[in-house]
$ cat final-v2.txt   # compact mmCIF, C-alpha atoms and all ligand atoms
# COMPACT_ATOMS: atom_id res chain seq x y z
CA MET A 1052 23.39 -15.43 4.38
CA HIS A 1053 22.73 -11.70 4.15
CA ILE A 1054 24.90 -8.63 4.43
CA ALA A 1055 23.40 -5.75 6.42
CA ILE A 1056 24.91 -2.33 5.79
CA THR A 1057 24.33 0.00 8.73
CA ARG A 1058 25.79 3.29 9.87
CA GLU A 1059 26.64 4.45 13.38
CA VAL A 1060 24.18 7.04 14.77
CA SER A 1061 25.38 10.58 14.04
CA PRO A 1062 26.12 12.75 17.08
CA ALA A 1063 24.04 15.38 15.22
CA ILE A 1064 20.86 13.24 15.14
CA GLY A 1065 19.06 15.85 17.25
CA ARG A 1066 19.02 18.09 14.13
CA CYS A 1067 17.30 15.42 12.00
CA GLU A 1068 14.59 16.12 9.42
CA LEU A 1069 11.11 15.92 10.95
CA THR A 1070 7.95 16.07 8.86
CA HIS A 1071 5.10 14.55 10.86
CA LEU A 1072 6.48 14.61 14.41
CA ASP A 1073 7.21 17.29 16.96
CA ARG A 1074 10.86 17.61 17.92
CA ARG A 1075 11.82 16.00 21.24
CA PRO A 1076 15.33 15.79 22.70
CA ILE A 1077 17.23 12.67 21.62
CA ASP A 1078 19.70 10.98 23.97
CA VAL A 1079 22.55 10.29 21.53
CA THR A 1080 24.35 7.80 23.78
CA LEU A 1081 21.14 5.84 24.28
CA ALA A 1082 20.37 6.01 20.56
CA GLN A 1083 23.82 4.56 19.82
CA ALA A 1084 23.29 1.75 22.36
CA GLN A 1085 19.86 0.94 20.92
CA HIS A 1086 21.35 0.89 17.45
CA ARG A 1087 23.99 -1.64 18.61
CA GLN A 1088 21.19 -3.86 19.92
CA TYR A 1089 19.43 -3.58 16.59
CA GLU A 1090 22.66 -4.68 14.88
CA GLU A 1091 22.88 -7.62 17.29
CA CYS A 1092 19.38 -8.68 16.20
CA LEU A 1093 20.53 -8.55 12.59
CA THR A 1094 23.51 -10.74 13.46
CA ALA A 1095 21.25 -13.19 15.32
CA LEU A 1096 19.12 -13.47 12.18
CA GLY A 1097 22.12 -14.48 10.11
CA CYS A 1098 23.35 -11.16 8.75
CA ARG A 1099 26.96 -10.09 8.51
CA VAL A 1100 26.77 -6.47 9.66
CA GLU A 1101 28.96 -4.00 7.80
CA ARG A 1102 28.84 -0.76 9.81
CA LEU A 1103 29.84 2.50 8.16
CA PRO A 1104 31.43 5.14 10.37
CA ALA A 1105 29.27 7.93 11.79
CA GLU A 1106 28.83 11.09 9.72
CA PRO A 1107 29.05 13.92 12.26
CA ASP A 1108 27.59 16.48 9.85
CA LEU A 1109 24.72 14.35 8.51
CA PRO A 1110 22.02 14.08 11.21
CA ASP A 1111 19.86 11.45 9.47
CA SER A 1112 22.66 9.29 8.13
CA VAL A 1113 21.87 6.30 10.38
CA PHE A 1114 18.78 5.79 8.19
CA VAL A 1115 20.73 4.14 5.38
CA GLU A 1116 17.65 2.49 3.88
CA ASP A 1117 16.69 5.75 2.22
CA THR A 1118 19.89 5.98 0.19
CA ALA A 1119 19.64 2.88 -2.01
CA ILE A 1120 17.43 0.12 -3.42
CA VAL A 1121 19.39 -3.13 -3.50
CA LEU A 1122 18.23 -6.06 -5.61
CA ASP A 1123 20.05 -9.27 -6.47
CA GLU A 1124 21.17 -7.92 -9.85
CA LEU A 1125 21.93 -4.25 -9.17
CA ALA A 1126 21.67 -1.37 -6.72
CA VAL A 1127 20.00 1.97 -7.40
CA ILE A 1128 21.45 4.89 -5.47
CA THR A 1129 18.59 7.24 -4.65
CA ARG A 1130 18.29 10.99 -4.67
CA PRO A 1131 16.61 11.60 -1.29
CA GLY A 1132 13.66 13.96 -1.19
CA ALA A 1133 15.15 16.01 1.67
CA ALA A 1134 18.07 18.06 0.30
CA SER A 1135 19.93 17.78 3.63
CA ARG A 1136 20.08 14.01 3.11
CA ARG A 1137 21.57 13.93 -0.40
CA PRO A 1138 25.20 13.89 0.79
CA GLU A 1139 24.46 10.60 2.56
CA THR A 1140 24.46 8.63 -0.67
CA ALA A 1141 28.15 8.90 -1.64
CA SER A 1142 29.56 6.71 1.13
CA VAL A 1143 26.75 4.17 0.76
CA ALA A 1144 27.47 3.98 -2.96
CA ARG A 1145 31.14 3.27 -2.19
CA ALA A 1146 30.12 0.45 0.17
CA LEU A 1147 27.65 -1.08 -2.29
CA ALA A 1148 30.03 -0.89 -5.24
CA SER A 1149 31.81 -4.01 -3.94
CA TYR A 1150 28.59 -5.99 -4.15
CA ARG A 1151 26.42 -4.72 -7.01
CA PRO A 1152 26.58 -2.70 -10.27
CA LEU A 1153 25.32 0.78 -9.41
CA HIS A 1154 22.69 2.95 -11.10
CA HIS A 1155 21.51 6.38 -9.96
CA ILE A 1156 18.29 8.37 -9.68
CA GLN A 1157 18.93 11.73 -11.35
CA ALA A 1158 17.55 15.26 -10.74
CA PRO A 1159 14.76 16.29 -10.79
CA GLY A 1160 13.79 12.81 -9.64
CA THR A 1161 13.61 12.13 -5.92
CA LEU A 1162 13.29 8.76 -4.23
CA ASP A 1163 13.71 7.53 -0.64
CA GLY A 1164 14.29 3.84 -0.03
CA GLY A 1165 11.73 3.99 2.78
CA ASP A 1166 9.12 4.37 0.04
CA VAL A 1167 10.05 1.10 -1.65
CA LEU A 1168 8.31 -2.11 -0.61
CA ARG A 1169 9.60 -5.02 -2.61
CA LEU A 1170 7.28 -8.01 -2.83
CA GLY A 1171 8.80 -10.58 -5.18
CA HIS A 1172 9.33 -8.98 -8.57
CA THR A 1173 7.01 -6.06 -7.84
CA LEU A 1174 8.27 -2.90 -6.20
CA PHE A 1175 5.49 -0.80 -4.68
CA VAL A 1176 6.80 2.76 -4.42
CA GLY A 1177 5.17 5.41 -2.28
CA GLN A 1178 4.45 8.69 -3.98
CA SER A 1179 5.10 10.67 -0.82
CA GLY A 1180 6.52 13.97 0.30
CA ARG A 1181 9.95 12.45 -0.43
CA SER A 1182 9.56 10.39 -3.63
CA ASN A 1183 8.19 12.06 -6.75
CA ALA A 1184 6.73 10.76 -10.01
CA VAL A 1185 9.96 11.48 -11.94
CA GLY A 1186 12.01 9.40 -9.51
CA ILE A 1187 9.49 6.57 -9.64
CA ASP A 1188 9.50 6.62 -13.46
CA GLN A 1189 13.32 6.51 -13.46
CA LEU A 1190 13.27 3.51 -11.15
CA ARG A 1191 10.71 1.76 -13.39
CA ALA A 1192 12.89 2.32 -16.47
CA LEU A 1193 16.05 1.11 -14.69
CA LEU A 1194 14.41 -2.08 -13.42
CA ARG A 1195 12.25 -3.08 -16.40
CA PRO A 1196 15.11 -4.90 -18.20
CA TRP A 1197 15.50 -7.08 -15.09
CA GLY A 1198 11.84 -8.13 -15.04
CA TYR A 1199 10.76 -5.97 -12.09
CA ARG A 1200 7.44 -4.14 -12.08
CA VAL A 1201 7.19 -0.74 -10.35
CA GLU A 1202 3.78 0.35 -9.01
CA ALA A 1203 3.30 3.87 -7.65
CA VAL A 1204 1.21 4.04 -4.47
CA PRO A 1205 -0.24 7.27 -3.03
CA VAL A 1206 0.88 7.81 0.57
CA THR A 1207 -0.75 10.43 2.82
CA GLY A 1208 -0.32 11.33 6.48
CA CYS A 1209 3.03 9.63 7.05
CA LEU A 1210 6.63 9.90 5.89
CA HIS A 1211 7.12 6.85 3.68
CA LEU A 1212 5.22 3.89 2.22
CA LYS A 1213 6.91 1.57 4.70
CA SER A 1214 5.68 3.74 7.59
CA ALA A 1215 2.27 2.41 6.51
CA VAL A 1216 2.83 -1.13 5.26
CA ALA A 1217 5.55 -3.76 5.62
CA GLN A 1218 5.94 -7.49 5.07
CA VAL A 1219 5.95 -9.63 8.22
CA ALA A 1220 5.65 -13.17 6.81
CA PRO A 1221 5.79 -14.83 3.38
CA ASN A 1222 2.11 -14.01 2.70
CA THR A 1223 1.36 -11.33 5.27
CA LEU A 1224 1.57 -7.55 5.43
CA LEU A 1225 1.21 -5.31 8.48
CA ILE A 1226 -0.74 -2.19 7.52
CA ASN A 1227 -2.13 1.15 8.66
CA ARG A 1228 -5.01 1.69 6.22
CA ASP A 1229 -5.32 5.38 7.18
CA TRP A 1230 -2.13 6.16 5.31
CA VAL A 1231 -2.17 3.86 2.30
CA PRO A 1232 -4.89 2.37 0.05
CA ASP A 1233 -5.90 -1.15 1.07
CA ASP A 1234 -7.15 -2.37 -2.32
CA LEU A 1235 -3.67 -3.04 -3.73
CA TRP A 1236 -2.90 -6.07 -1.60
CA ALA A 1237 -5.63 -8.53 -2.68
CA ASP A 1238 -3.23 -11.48 -2.78
CA TRP A 1239 -1.97 -10.84 0.76
CA ASP A 1240 -3.18 -11.54 4.27
CA LEU A 1241 -3.38 -8.22 6.09
CA ILE A 1242 -2.88 -7.49 9.78
CA ASP A 1243 -4.00 -4.04 10.88
CA VAL A 1244 -1.95 -2.06 13.37
CA ASP A 1245 -3.69 -1.40 16.67
CA PRO A 1246 -5.50 1.96 16.29
CA ALA A 1247 -3.64 3.32 19.34
CA GLU A 1248 -0.30 2.63 17.59
CA PRO A 1249 -0.46 4.33 14.17
CA PHE A 1250 3.31 4.12 13.64
CA ALA A 1251 3.41 0.36 14.28
CA ALA A 1252 3.42 -0.96 10.69
CA ASN A 1253 7.17 -0.70 10.19
CA ALA A 1254 8.65 -4.16 10.76
CA LEU A 1255 11.79 -5.71 9.31
CA LEU A 1256 11.52 -9.25 7.93
CA VAL A 1257 14.96 -10.87 7.58
CA GLY A 1258 14.90 -14.49 6.47
CA ASP A 1259 12.18 -15.94 8.69
CA GLY A 1260 12.70 -13.50 11.59
CA VAL A 1261 11.02 -10.17 12.25
CA ILE A 1262 12.73 -7.27 14.05
CA TYR A 1263 10.07 -5.11 15.63
CA PRO A 1264 10.01 -2.00 17.87
CA ALA A 1265 9.25 -2.70 21.54
CA ALA A 1266 7.17 0.49 21.53
CA TYR A 1267 4.13 -1.22 19.97
CA PRO A 1268 2.95 -4.00 22.33
CA ALA A 1269 -0.71 -3.99 21.22
CA THR A 1270 0.20 -4.54 17.58
CA ARG A 1271 2.81 -7.09 18.61
CA GLU A 1272 0.00 -9.01 20.32
CA ARG A 1273 -1.99 -8.91 17.07
CA LEU A 1274 1.03 -10.40 15.29
CA ARG A 1275 1.37 -13.10 17.96
CA GLU A 1276 -2.32 -14.03 17.58
CA ARG A 1277 -1.65 -14.62 13.88
CA GLY A 1278 1.35 -16.84 14.64
CA ILE A 1279 4.06 -14.24 13.98
CA ARG A 1280 6.70 -14.00 16.68
CA VAL A 1281 9.02 -11.01 16.60
CA ARG A 1282 12.34 -9.97 18.06
CA PRO A 1283 11.50 -6.80 19.97
CA VAL A 1284 14.11 -4.07 19.98
CA ASP A 1285 13.94 -0.81 21.94
CA VAL A 1286 14.46 1.95 19.38
CA SER A 1287 12.72 4.75 21.31
CA GLU A 1288 15.40 7.36 20.49
CA LEU A 1289 15.38 6.53 16.76
CA ILE A 1290 11.56 6.72 16.73
CA LYS A 1291 11.90 10.35 17.91
CA ALA A 1292 13.81 10.99 14.66
CA ALA A 1293 10.98 9.27 12.67
CA GLY A 1294 13.14 6.20 12.22
CA GLY A 1295 11.92 2.66 12.35
CA VAL A 1296 13.46 -0.77 11.99
CA THR A 1297 13.56 -1.01 8.21
CA CYS A 1298 15.32 2.32 7.83
CA CYS A 1299 18.48 1.48 9.78
CA SER A 1300 19.84 -1.11 7.36
CA LEU A 1301 20.27 -2.11 3.75
CA ILE A 1302 19.93 -5.88 3.56
CA LEU A 1303 21.44 -7.69 0.61
CA ALA A 1304 21.64 -11.31 -0.22
CA ALA A 1305 25.29 -12.38 -0.27
CA ARG A 1306 26.00 -13.75 -3.72
CA PRO A 1307 27.79 -17.10 -3.92
C1 LIG B 1401 13.81 11.85 7.79
O1 LIG B 1401 12.85 12.59 8.00
O2 LIG B 1401 14.28 11.71 6.67
C2 LIG B 1401 14.43 11.11 8.95
N1 LIG B 1401 14.37 11.91 10.12
C3 LIG B 1401 13.75 9.78 9.16
C4 LIG B 1401 13.96 8.80 8.05
C5 LIG B 1401 13.36 7.48 8.31
N2 LIG B 1401 13.57 6.62 7.20
C6 LIG B 1401 12.82 5.56 6.94
O3 LIG B 1401 11.86 5.28 7.63
N3 LIG B 1401 13.13 4.84 5.88
$ encode --input "final-v2.txt" --output "structure tokens"
Amino acid sequence: MHIAITREVSPAIGRCELTHLDRRPIDVTLAQAQHRQYEECLTALGCRVERLPAEPDLPDSVFVEDTAIVLDELAVITRPGAASRRPETASVARALASYRPLHHIQAPGTLDGGDVLRLGHTLFVGQSGRSNAVGIDQLRALLRPWGYRVEAVPVTGCLHLKSAVAQVAPNTLLINRDWVPDDLWADWDLIDVDPAEPFAANALLVGDGVIYPAAYPATRERLRERGIRVRPVDVSELIKAAGGVTCCSLILAARP
């Protein structure tokens, strides 16, 4: 059993941060409906969804993943790289306080949860436009007592590490090698995104299910050929805001 913390799409999402994409109009009502379907997928995969209310003044606040790193033992509240996103953390911290002891990334450190790929007791952390070396060092120091290793990974050409690589099965990663080094994953089976779908690496593994954007059929076929079936979800409006399927939830194991 998992708990999935989500947040209703902000009516201001059209004013979201955009780093690598051109701005296109976002249909807020459609974005909200797509987000509900995403939450239904989470429920179908065994999550209890805890939805936070919309934040009308925080355009990117649906992307709760960036605000915290949640492990079994503790949660680390981030300090997002985009200043406009820093006020998002307070309400997420209040929600997580019921479940985990909280620690915080401090200035001048920055860290976005989208840069953190946890594989067992190793956390690969993208050194990106959003997460800096100070933030990564703070995370390493916070997690060392718990037996977690933190490895910095250079990320170029995309927003976050998990724009470029995500776990899709116990031993398998989906990757865009143009944006992230490929020599770090020697113990893993790799599936490359289809070259026509550079944004297709972001997939959300929950238990033994994978939530995956409907926008990437060629890469989905590559997954199917390797025996990985996904739950497709249409998140076209969130993709316009540079969102993917990992970024719309914080998944935590419910403790007995
Ligand atoms: C941003 O640029 O911060 C948002 N518009 C998109 C954040 C997406 N987050 C994620 O993939 N973890």
$ closest_residue --input "final-v2.txt" --among "A:Asp1078, A:Asp1073, A:Asp1240, A:Glu1090" --to "Glu1059 in chain A" --atoms "only C-alpha atoms"
A:Glu1090
$ atom_distance --input "final-v2.txt" --atom1 "CA of Asp1229 in chain A" --atom2 "CA of Val1167 in chain A"
18.2 Å
$ residues_near_point --input "final-v2.txt" --point "(22.4, 14.3, 18.7)" --cutoff "7 Å" --atoms "all atoms listed in the file" --output "short mmCIF file (atom, residue, chain, number, x, y, z; two decimals) with C-alpha atoms, in the frame of the given file"
data_model
loop_
_atom_site.label_atom_id
_atom_site.label_comp_id
_atom_site.auth_asym_id
_atom_site.auth_seq_id
_atom_site.Cartn_x
_atom_site.Cartn_y
_atom_site.Cartn_z
CA SER A 1061 25.38 10.58 14.04
CA PRO A 1062 26.12 12.75 17.08
CA ALA A 1063 24.04 15.38 15.22
CA ILE A 1064 20.86 13.24 15.14
CA GLY A 1065 19.06 15.85 17.25
CA ARG A 1066 19.02 18.09 14.13
CA ILE A 1077 17.23 12.67 21.62
CA ASP A 1078 19.70 10.98 23.97
CA VAL A 1079 22.55 10.29 21.53
#
$ residues_near_ligand --input "final-v2.txt" --ligand "ligand LIG 1401 (chain B)" --cutoff "9 Å" --atoms "only C-alpha atoms and all ligand atoms" --output "PyMOL selection string"
chain A and resi 1064+1066-1071+1110-1118+1131-1133+1135-1136+1163-1167+1181+1210-1214+1253+1289-1299
$ atom_distance --input "final-v2.txt" --atom1 "CA of Leu1224 in chain A" --atom2 "CA of Ala1055 in chain A"
21.9 Å
$ residues_around --input "final-v2.txt" --residues "Ala1158 in chain A" --least-positions-apart "3" --cutoff "10 Å" --atoms "only C-alpha atoms" --output "PyMOL selection string"
chain A and resi 1130+1155+1161+1185-1186
$ atom_distance --input "final-v2.txt" --atom1 "CA of Val1204 in chain A" --atom2 "CA of His1172 in chain A"
15.9 Å
$ closest_residue --input "final-v2.txt" --among "A:Thr1173, A:Ser1300, A:Gln1157, A:Ser1182" --to "Arg1200 in chain A" --atoms "all atoms listed in the file"
A:Thr1173
$ residues_around --input "final-v2.txt" --residues "Asp1238 in chain A" --least-positions-apart "3" --cutoff "12 Å" --atoms "only C-alpha atoms" --output "list in words"
Leu1170, Pro1221, Asn1222, Thr1223, Leu1224, Asp1233, Asp1234, Leu1235 and Leu1241 of chain A
